[in-house]
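One file, coords32.cif, carrying mmCIF, C-alpha atoms and all ligand atoms:
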data_coords
#
loop_
_atom_site.label_atom_id
_atom_site.label_comp_id
_atom_site.auth_asym_id
_atom_site.auth_seq_id
_atom_site.Cartn_x
_atom_site.Cartn_y
_atom_site.Cartn_z
CA MET A 464 32.09 122.57 296.49
CA ILE A 465 28.74 120.78 296.51
CA GLN A 466 28.89 117.85 294.07
CA VAL A 467 25.53 117.62 292.30
CA ALA A 468 24.20 114.70 290.25
CA ILE A 469 21.37 115.28 287.79
CA ASN A 470 19.29 112.21 286.99
CA GLY A 471 17.03 112.88 284.01
CA TYR A 472 18.42 115.32 281.47
CA GLY A 473 15.29 116.62 279.72
CA THR A 474 13.45 119.94 279.84
CA ILE A 475 14.04 120.57 283.54
CA GLY A 476 17.24 118.55 284.07
CA LYS A 477 19.31 120.26 281.38
CA ARG A 478 18.32 123.69 282.66
CA VAL A 479 19.13 122.76 286.25
CA ALA A 480 22.53 121.41 285.10
CA ASP A 481 23.40 124.74 283.45
CA ALA A 482 22.22 126.74 286.47
CA VAL A 483 24.13 124.55 288.95
CA ARG A 484 27.30 124.91 286.89
CA GLN A 485 27.02 128.70 287.18
CA GLN A 486 27.03 128.56 290.99
CA PRO A 487 30.32 129.41 292.75
CA ASP A 488 29.65 126.78 295.44
CA MET A 489 28.48 123.89 293.23
CA ASP A 490 29.80 121.48 290.61
CA VAL A 491 27.86 119.23 288.25
CA LEU A 492 29.36 115.81 288.90
CA GLY A 493 27.46 114.32 286.00
CA VAL A 494 24.12 113.88 284.29
CA ALA A 495 22.25 110.65 283.63
CA LYS A 496 20.20 109.85 280.53
CA THR A 497 18.23 106.82 279.41
CA ARG A 498 19.12 106.96 275.74
CA PRO A 499 21.30 108.78 273.24
CA ASN A 500 19.58 111.73 271.56
CA PHE A 501 20.29 115.38 270.81
CA GLU A 502 20.27 116.23 274.51
CA ALA A 503 22.83 113.50 275.27
CA GLU A 504 25.05 114.87 272.50
CA THR A 505 24.73 118.42 273.82
CA ALA A 506 25.52 117.26 277.36
CA LEU A 507 28.84 115.88 276.11
CA GLU A 508 29.53 118.98 274.03
CA LYS A 509 29.07 121.00 277.22
CA ASP A 510 31.54 118.71 278.99
CA PHE A 511 29.06 117.16 281.38
CA ALA A 512 30.03 113.61 282.35
CA LEU A 513 27.26 111.41 280.93
CA TYR A 514 25.99 108.39 282.87
CA ALA A 515 23.63 105.64 281.73
CA ALA A 516 20.36 105.81 283.66
CA ILE A 517 19.38 102.30 282.57
CA GLU A 518 22.30 99.87 282.54
CA GLU A 519 20.84 97.53 279.88
CA ARG A 520 20.69 100.44 277.46
CA ALA A 521 24.27 101.61 278.03
CA ASP A 522 25.38 99.95 274.76
CA GLN A 523 23.12 102.28 272.78
CA PHE A 524 25.33 105.21 273.77
CA ALA A 525 28.48 103.45 272.52
CA GLU A 526 26.68 102.56 269.28
CA ALA A 527 25.82 106.24 268.84
CA GLY A 528 29.45 107.14 269.48
CA LEU A 529 28.75 108.77 272.85
CA GLU A 530 31.10 108.13 275.74
CA ILE A 531 29.52 107.01 279.00
CA ALA A 532 31.23 107.61 282.35
CA GLY A 533 29.43 104.73 284.08
CA PRO A 534 26.08 103.62 285.47
CA VAL A 535 23.86 106.11 287.30
CA GLU A 536 24.48 104.30 290.62
CA ASP A 537 28.16 105.41 290.50
CA LEU A 538 27.06 109.00 289.97
CA VAL A 539 24.52 108.88 292.81
CA ASP A 540 27.03 107.25 295.12
CA GLU A 541 29.67 109.95 294.63
CA ALA A 542 27.33 112.94 294.73
CA ASP A 543 26.46 115.08 297.77
CA ILE A 544 22.92 115.42 296.41
CA VAL A 545 20.96 114.25 293.39
CA VAL A 546 18.42 116.28 291.45
CA ASP A 547 15.90 113.84 290.00
CA ALA A 548 14.35 115.43 286.92
CA THR A 549 12.85 112.31 285.41
CA PRO A 550 9.25 112.14 284.12
CA SER A 551 6.37 112.06 286.64
CA GLY A 552 6.37 108.84 288.67
CA ILE A 553 9.92 107.76 287.80
CA GLY A 554 11.31 109.79 290.69
CA ALA A 555 9.27 107.61 293.07
CA GLN A 556 10.83 104.51 291.49
CA ASN A 557 14.32 105.98 291.92
CA LYS A 558 13.88 106.81 295.61
CA SER A 559 15.17 103.43 296.85
CA MET A 560 18.36 103.86 294.80
CA TYR A 561 19.04 107.24 296.43
CA GLU A 562 18.35 105.74 299.85
CA ALA A 563 20.67 102.78 299.15
CA HIS A 564 23.52 105.21 298.46
CA ASP A 565 22.54 107.51 301.33
CA THR A 566 22.35 110.48 298.97
CA PRO A 567 19.71 113.15 299.63
CA ALA A 568 17.45 113.81 296.66
CA LEU A 569 15.34 116.56 295.14
CA TYR A 570 12.31 115.54 293.10
CA GLN A 571 10.11 117.58 290.77
CA GLY A 572 6.46 118.63 290.82
CA GLY A 573 5.25 115.57 288.92
CA GLU A 574 5.87 113.40 291.98
CA ASP A 575 3.35 112.99 294.78
CA ALA A 576 3.78 115.18 297.85
CA ASP A 577 3.73 112.14 300.13
CA LEU A 578 6.91 110.77 298.52
CA VAL A 579 9.00 113.37 300.35
CA ASP A 580 9.74 114.91 303.73
CA THR A 581 8.73 118.35 302.50
CA SER A 582 7.66 120.25 299.39
CA PHE A 583 9.71 123.35 298.61
CA ASN A 584 9.48 126.92 297.40
CA ALA A 585 12.50 129.10 298.21
CA ARG A 586 10.52 132.27 298.99
CA SER A 587 7.93 130.51 301.13
CA ASN A 588 9.41 127.63 303.16
CA PHE A 589 13.18 127.36 302.55
CA ASP A 590 13.99 126.26 306.11
CA ASP A 591 11.63 123.26 306.01
CA ALA A 592 14.08 121.50 303.68
CA THR A 593 17.14 121.83 305.89
CA GLY A 594 18.47 118.39 306.74
CA ALA A 595 15.69 116.60 304.83
CA ASP A 596 16.58 113.54 302.74
CA HIS A 597 13.78 113.83 300.19
CA VAL A 598 12.44 117.17 299.00
CA ARG A 599 10.01 117.98 296.19
CA VAL A 600 10.44 121.24 294.29
CA VAL A 601 6.81 122.02 293.52
CA SER A 602 5.46 122.32 289.98
CA CYS A 603 5.75 125.36 287.76
CA ASN A 604 2.18 126.43 288.58
CA THR A 605 2.54 125.91 292.32
CA THR A 606 5.86 127.77 292.28
CA GLY A 607 4.21 130.66 290.44
CA LEU A 608 1.29 130.84 292.88
CA SER A 609 3.47 130.48 296.00
CA ARG A 610 5.77 133.33 294.99
CA VAL A 611 2.83 135.75 294.85
CA ILE A 612 0.96 134.43 297.87
CA ALA A 613 3.97 134.57 300.25
CA PRO A 614 4.42 138.36 300.28
CA LEU A 615 0.64 138.98 300.32
CA ARG A 616 0.27 136.76 303.39
CA GLU A 617 3.12 138.50 305.17
CA GLU A 618 1.98 142.03 304.36
CA TYR A 619 -1.81 141.85 304.49
CA GLY A 620 -2.94 138.36 305.49
CA VAL A 621 -4.85 136.22 302.99
CA GLU A 622 -8.43 135.13 303.57
CA LYS A 623 -8.95 133.16 300.36
CA VAL A 624 -7.25 132.55 297.01
CA ARG A 625 -9.17 131.72 293.83
CA ALA A 626 -7.13 131.02 290.71
CA THR A 627 -7.95 129.91 287.18
CA LEU A 628 -4.97 128.29 285.48
CA VAL A 629 -4.98 128.47 281.70
CA ARG A 630 -2.37 125.83 280.97
CA ARG A 631 -0.27 125.31 277.87
CA GLY A 632 -1.15 122.03 276.17
CA GLY A 633 2.48 120.91 276.05
CA ASP A 634 6.04 122.19 275.99
CA PRO A 635 7.37 123.20 272.53
CA GLY A 636 9.16 119.86 272.13
CA GLN A 637 6.19 117.73 273.21
CA THR A 638 4.79 116.86 269.80
CA ASP A 639 2.45 114.25 271.27
CA ARG A 640 0.50 116.67 273.49
CA GLY A 641 -2.57 118.76 272.84
CA PRO A 642 -5.21 119.98 272.34
CA ILE A 643 -4.42 121.25 268.83
CA ASN A 644 -7.73 123.03 268.29
CA ASP A 645 -9.81 123.02 271.43
CA ILE A 646 -10.25 124.50 274.89
CA LEU A 647 -10.51 121.88 277.62
CA PRO A 648 -11.70 122.24 281.17
CA ASN A 649 -8.75 120.25 282.60
CA PRO A 650 -9.08 118.77 285.05
CA VAL A 651 -12.83 119.05 284.55
CA THR A 652 -13.44 118.48 288.27
CA ILE A 653 -13.43 121.52 290.54
CA PRO A 654 -11.38 122.41 292.45
CA SER A 655 -8.35 121.22 290.47
CA HIS A 656 -5.40 119.48 292.16
CA HIS A 657 -3.33 122.68 292.02
CA GLY A 658 -4.91 124.20 295.14
CA PRO A 659 -4.04 121.24 297.39
CA ASP A 660 -0.55 121.35 295.90
CA VAL A 661 -0.15 124.97 297.01
CA GLU A 662 -1.32 123.84 300.46
CA THR A 663 1.78 121.60 300.64
CA ILE A 664 3.66 124.93 300.90
CA PHE A 665 1.12 126.88 303.02
CA ALA A 666 -0.71 124.32 305.16
CA ASP A 667 -3.33 126.78 306.48
CA LEU A 668 -4.14 128.51 303.18
CA ASP A 669 -7.71 128.58 301.84
CA ILE A 670 -7.34 128.19 298.07
CA ASP A 671 -9.54 126.93 295.22
CA THR A 672 -8.18 126.47 291.71
CA LEU A 673 -9.72 125.70 288.31
CA GLY A 674 -7.71 124.38 285.37
CA MET A 675 -8.01 124.62 281.60
CA LYS A 676 -5.80 123.47 278.73
CA VAL A 677 -5.40 125.45 275.52
CA PRO A 678 -3.50 125.01 272.24
CA ALA A 679 -0.38 126.90 273.35
CA THR A 680 3.18 125.86 274.16
CA LEU A 681 4.92 129.00 275.33
CA MET A 682 3.60 129.66 278.84
CA HIS A 683 0.79 129.17 281.34
CA MET A 684 -1.48 132.09 282.28
CA HIS A 685 -3.02 132.53 285.73
CA SER A 686 -6.05 134.67 286.48
CA LEU A 687 -5.78 135.30 290.20
CA ASN A 688 -8.20 136.65 292.81
CA VAL A 689 -6.92 136.97 296.36
CA THR A 690 -9.24 138.10 299.15
CA LEU A 691 -6.97 139.93 301.58
CA GLU A 692 -7.38 140.69 305.27
CA ALA A 693 -6.79 144.36 304.45
CA GLU A 694 -7.89 146.87 301.79
CA PRO A 695 -4.69 148.19 300.19
CA ASP A 696 -4.92 150.25 297.02
CA ALA A 697 -3.58 148.80 293.79
CA ALA A 698 -0.51 151.06 293.74
CA GLU A 699 0.55 149.76 297.14
CA VAL A 700 0.23 146.13 296.02
CA ARG A 701 2.17 146.87 292.84
CA GLU A 702 5.02 148.25 294.95
CA LEU A 703 4.98 145.27 297.27
CA LEU A 704 5.14 142.79 294.40
CA ALA A 705 7.74 144.84 292.49
CA ASP A 706 10.10 144.41 295.48
CA GLU A 707 10.08 140.62 295.05
CA SER A 708 13.13 139.46 293.11
CA ARG A 709 11.36 136.63 291.26
CA LEU A 710 8.30 138.64 290.25
CA PHE A 711 8.62 140.66 287.06
CA ILE A 712 6.00 143.38 286.95
CA ILE A 713 5.56 143.96 283.21
CA PRO A 714 5.52 147.75 282.78
CA GLU A 715 2.64 149.09 280.72
CA ARG A 716 5.10 151.07 278.55
CA MET A 717 6.66 147.83 277.23
CA ALA A 718 3.45 146.96 275.36
CA ILE A 719 3.84 143.25 276.03
CA ASP A 720 0.38 141.86 275.36
CA GLY A 721 0.90 138.13 275.91
CA SER A 722 3.28 135.22 276.21
CA GLY A 723 4.47 135.54 272.60
CA LYS A 724 5.96 138.98 273.24
CA LEU A 725 7.24 137.89 276.66
CA LYS A 726 9.25 135.12 275.00
CA GLU A 727 10.37 137.54 272.29
CA TYR A 728 11.58 139.91 275.02
CA ALA A 729 13.43 137.05 276.73
CA MET A 730 15.20 136.31 273.43
CA ASP A 731 15.98 139.98 272.85
CA VAL A 732 17.66 140.32 276.25
CA GLY A 733 19.68 137.18 275.55
CA ARG A 734 18.11 134.77 278.00
CA PRO A 735 19.39 131.18 277.53
CA ARG A 736 16.71 129.08 275.78
CA ALA A 737 14.48 132.21 276.05
CA ASP A 738 13.87 131.19 279.64
CA ILE A 739 11.83 133.41 281.96
CA TRP A 740 12.58 132.36 285.53
CA GLU A 741 10.35 135.07 287.02
CA ASN A 742 6.55 135.21 287.30
CA CYS A 743 5.41 137.78 284.74
CA ILE A 744 2.64 139.94 286.21
CA TRP A 745 0.91 142.52 284.05
CA GLU A 746 1.21 145.84 285.88
CA GLU A 747 -2.15 147.18 284.71
CA SER A 748 -3.89 143.99 285.77
CA ILE A 749 -3.01 144.48 289.46
CA SER A 750 -6.34 145.82 290.72
CA THR A 751 -8.16 145.99 294.01
CA VAL A 752 -11.89 146.17 294.78
CA GLU A 753 -12.24 146.60 298.56
CA ASP A 754 -10.38 143.57 300.00
CA ASP A 755 -10.21 141.69 296.68
CA LEU A 756 -6.98 141.72 294.65
CA TYR A 757 -6.94 140.66 290.99
CA LEU A 758 -4.08 140.08 288.57
CA PHE A 759 -2.90 138.15 285.51
CA GLN A 760 0.46 136.39 285.49
CA GLY A 761 2.36 134.42 282.87
CA ILE A 762 4.41 131.44 284.07
CA HIS A 763 7.18 129.95 281.95
CA GLN A 764 6.63 126.31 282.76
CA GLU A 765 10.02 125.11 281.52
CA SER A 766 12.14 127.39 283.67
CA ASP A 767 10.55 128.96 286.77
CA VAL A 768 11.45 125.91 288.92
CA VAL A 769 15.13 126.03 287.91
CA PRO A 770 16.35 128.61 290.46
CA GLU A 771 14.16 126.86 293.04
CA ASN A 772 16.13 123.63 292.49
CA VAL A 773 19.39 125.50 293.00
CA ASP A 774 18.11 126.99 296.26
CA ALA A 775 16.74 123.63 297.40
CA ILE A 776 20.24 122.14 297.10
CA ARG A 777 21.60 124.72 299.56
CA ALA A 778 18.56 124.38 301.81
CA VAL A 779 18.88 120.59 302.12
CA LEU A 780 22.62 120.74 302.81
CA GLY A 781 22.31 123.73 305.17
CA GLU A 782 24.80 125.70 303.06
CA ALA A 783 23.03 129.08 303.17
CA ASP A 784 19.92 130.73 304.53
CA ALA A 785 17.02 131.67 302.27
CA ALA A 786 18.05 135.27 301.64
CA GLU A 787 21.70 134.40 300.89
CA SER A 788 20.82 131.52 298.62
CA ILE A 789 18.15 133.38 296.66
CA GLU A 790 20.49 136.34 296.16
CA ARG A 791 23.39 134.13 295.03
CA THR A 792 21.19 132.19 292.63
CA ASN A 793 19.62 135.37 291.25
CA GLU A 794 22.97 137.03 290.73
CA THR A 795 24.69 134.10 289.03
CA MET A 796 21.75 133.29 286.77
CA GLY A 797 20.91 136.93 286.01
CA ILE A 798 17.40 136.80 287.47
CA GLY A 799 15.52 140.09 287.70
CA LEU A 800 14.03 141.57 284.53
P1 LIG B 1 11.22 115.50 280.14
O1 LIG B 1 10.50 114.35 279.55
O2 LIG B 1 11.49 116.70 279.29
O3 LIG B 1 12.62 115.03 280.73
C1 LIG B 1 12.74 113.88 281.50
C2 LIG B 1 14.05 113.20 281.13
O4 LIG B 1 14.23 112.06 281.96
C3 LIG B 1 14.07 112.70 279.69
O5 LIG B 1 15.34 113.02 279.14
C4 LIG B 1 13.90 111.19 279.82
O6 LIG B 1 14.54 110.48 278.78
C5 LIG B 1 14.61 110.95 281.14
N1 LIG B 1 14.25 109.70 281.82
C6 LIG B 1 13.18 108.90 281.63
N2 LIG B 1 13.24 107.83 282.47
C7 LIG B 1 14.38 107.97 283.18
C8 LIG B 1 15.01 107.20 284.18
N3 LIG B 1 14.48 106.05 284.63
N4 LIG B 1 16.18 107.63 284.69
C9 LIG B 1 16.75 108.78 284.27
N5 LIG B 1 16.19 109.54 283.31
C10 LIG B 1 15.03 109.15 282.78
O7 LIG B 1 10.39 115.91 281.44
P2 LIG B 1 10.41 117.31 282.19
O8 LIG B 1 9.43 118.21 281.53
O9 LIG B 1 11.81 117.79 282.37
O10 LIG B 1 9.77 116.89 283.58
C11 LIG B 1 10.53 116.32 284.61
C12 LIG B 1 9.83 116.55 285.93
O11 LIG B 1 9.70 117.95 286.12
C13 LIG B 1 8.41 115.98 286.03
O12 LIG B 1 8.16 115.63 287.37
C14 LIG B 1 7.55 117.16 285.67
O13 LIG B 1 6.24 117.08 286.20
C15 LIG B 1 8.34 118.28 286.32
N6 LIG B 1 8.10 119.61 285.75
C16 LIG B 1 7.99 119.79 284.41
C17 LIG B 1 7.72 121.05 283.92
C18 LIG B 1 7.54 121.32 282.46
O14 LIG B 1 6.77 122.17 282.11
N7 LIG B 1 8.20 120.65 281.57
C19 LIG B 1 7.61 122.13 284.80
C20 LIG B 1 7.81 121.92 286.16
C21 LIG B 1 8.03 120.65 286.63
#

Rewritten as structure tokens:
Amino acid sequence: MIQVAINGYGTIGKRVADAVRQQPDMDVLGVAKTRPNFEAETALEKDFALYAAIEERADQFAEAGLEIAGPVEDLVDEADIVVDATPSGIGAQNKSMYEAHDTPALYQGGEDADLVDTSFNARSNFDDATGADHVRVVSCNTTGLSRVIAPLREEYGVEKVRATLVRRGGDPGQTDRGPINDILPNPVTIPSHHGPDVETIFADLDIDTLGMKVPATLMHMHSLNVTLEAEPDAAEVRELLADESRLFIIPERMAIDGSGKLKEYAMDVGRPRADIWENCIWEESISTVEDDLYLFQGIHQESDVVPENVDAIRAVLGEADAAESIERTNETMGIGL
């Protein structure tokens, strides 16, 4: 059994903990938090061993009546691998601790690409992570773009990608984020940083991205234009994408007109936390004009990277190949709408 430590038990960390626990070949050794709050209480209710991420604050847990198993260093030391799901920039600060305990680490998309040996997307470059000590699971947006680009490159060849990312202002729990009533070019500079981030997965890809932020919390929306090296018809592309296990092609008959109904659908089918691990591509939007492909996709920012973290654990430890790992993760989590 692979013993997994989770450092940072927030939006991403708590989801990764649940997903890891579902795996037949993995155990959650424990989770580390900085302070007692509702998530710390839930972690204990779920029987996760809770470790103090910051030793000087360990007393706060006792004062709140929450039992701590020890300092995060103990957890890191005993684990086969640590998933760092701390806020952007904190992962970089934690790197020396993981090195000191000789424990390989996964970081999240908020960290810089040069912190790690390789960036990771299961569908696109699984093998690059094998044997690496420091691996970054790319951001929600980069994960969403990579999953679509990989099959298009393999099947047709890609000349150029242009994507406009309409980004949610904050996650539902992020009460300090915005805008509340505005539409921001964000970042206002063009191209945005997202394109270079996708190039950490596909080094030779030609991609330009533009970003905006809108008053929404549920999901991101991508408007995508891919210039292909072939001229397939739209039906053919729809079939190609429908064969991908982490792409959900929203059928026209479902009458899902946006992220509100997508989340409603996720709740109706009983998804935990209404998570949507798959890219959600509107079937009717998949269109071709000569060698140009167009589509709209919704990306659930809080959850699409979760199965990628699970696969990255196996990739780093050499415990499965890409196809085996993706299939095992999909099956245990129930991925595939
Ligand atoms: P979050 O704020 O929801 O959770 C981070 C958790 O880490 C919090 O519980 C916080 O208390 C804890 N923490 C803070 N300092 C810590 C420390 N020193 N040691 C241990 N824990 C500490 O953040 P998040 O949204 O889960 O983001 C985590 C990472 O995942 C970031 O790199 C982010 O860019 C990336 N990411 C976030 C999203 C998203 O939409 N939320 C999507 C993809 C990737």

Of the residues A:Leu628, A:Ile612, A:Val601, A:Ala568, which is the one nearest to ligand LIG 1 (chain B), using all atoms listed in the file? A:Val601

Kindly work out which residues sit at most 6 Å from ligand LIG 1 (chain B), using only C-alpha atoms and all ligand atoms, and give the list as a list in words.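 So the residues close to ligand LIG 1 (chain B) are Asn470, Gly471, Tyr472, Gly473, Thr474, Ile475, Gly476, Ala495, Lys496, Thr497, Ala516, Ala548, Thr549, Pro550, Ser551, Ile553, Gln571, Gly572, Gly573, Glu574, Ser602, Cys603, Gln764 and Glu765 of chain A.
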
Which is closest to Glu622 (chain A) among A:Ala778, A:Ile670, A:Ile646, A:Ile798, if we use all atoms listed in the file? A:Ile670

Atom pair CA of Asn649 (chain A) / CA of Leu673 (chain A): separation (Å):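 According to the coordinates, CA of Asn649 (chain A) and CA of Leu673 (chain A) are separated by 8.0 Å.
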
When you look at Ala482 (chain A) with a cut-off of 12 Å (counting all atoms listed in the file), what residues show up, excluding the ones that are within fewer than 5 positions of it in the same chain? I need them as number ranges by chain. A: 467, 469, 475-477, 487-491, 735, 738, 740, 766-774, 776, 791-798

Which neighbours of Ala532 (chain A) fall inside 10 Å, counting only C-alpha atoms, when residues of the same chain fewer than 2 positions from it are skipped, and could you give them as an MDAnalysis selection string? chainID A and resid 493:495 511:515 529:530 534:535 537:538

Report as a PyMOL selection string all protein, DNA and RNA residues lying within 8 Å of region 584-600 of chain A, evaluated on only C-alpha atoms, omitting residues in the same chain fewer than 4 positions from it. chain A and resi 566-572+574+576+578-580+606+609-610+613+664-665+768+771-772+774-775+778-781+784-785+789

Considering all atoms listed in the file, state which residue in the set A:Glu741, A:Asp634, A:Asp696, A:Glu790 is at the smallest distance from Asp754 (chain A). A:Asp696

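Candidate residues A:Pro614, A:Pro654, A:Pro499, A:Gly761 were compared for distance to Ile712 (chain A), and the nearest is A:Gly761, using only C-alpha atoms.
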
Given the point (-1.3, 126.4, 273.7) in the coordinates of this file, which residues lie within 10 Å, counting all atoms listed in the file, and how would they look as a PyMOL selection string? chain A and resi 629-635+640-646+676-683

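Closest approach to Asn604 (chain A) among A:Met684, A:Ala542, A:Ala737, A:Val732 is made by A:Met684 (distances from only C-alpha atoms).
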
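Our summary of the geometry notes that CA of Asn557 (chain A) is positioned 13.2 Å from CA of Asp540 (chain A).
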
I'd like the contact shell of Glu699 (chain A) - 12 Å cut-off, all atoms listed in the file, skipping same-chain residues fewer than 5 positions apart - returned as a PyMOL selection string. chain A and resi 615+618-619+693-694+704-706+746+749-751+756

What is the CA of Thr627 (chain A) to CA of His685 (chain A) distance in Å?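 Taking CA of Thr627 (chain A) as the start and CA of His685 (chain A) as the end point, the length is 5.8 Å.
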
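Considering all atoms listed in the file, the residue among A:Asp671, A:Glu692, A:Glu782, A:Glu662 positioned nearest to Val621 (chain A) is A:Glu692.
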
Using the file's own x, y and z axes, so that the box edges lie along x, y and z, what centre and edge lengths in Å (one decimal) does a box around every listed atom of region 724-742 of chain A get when 8 Å is added on each side? Give it as JSON.
{"center_x": 12.8, "center_y": 134.7, "center_z": 279.8, "size_x": 29.7, "size_y": 27.2, "size_z": 31.0}
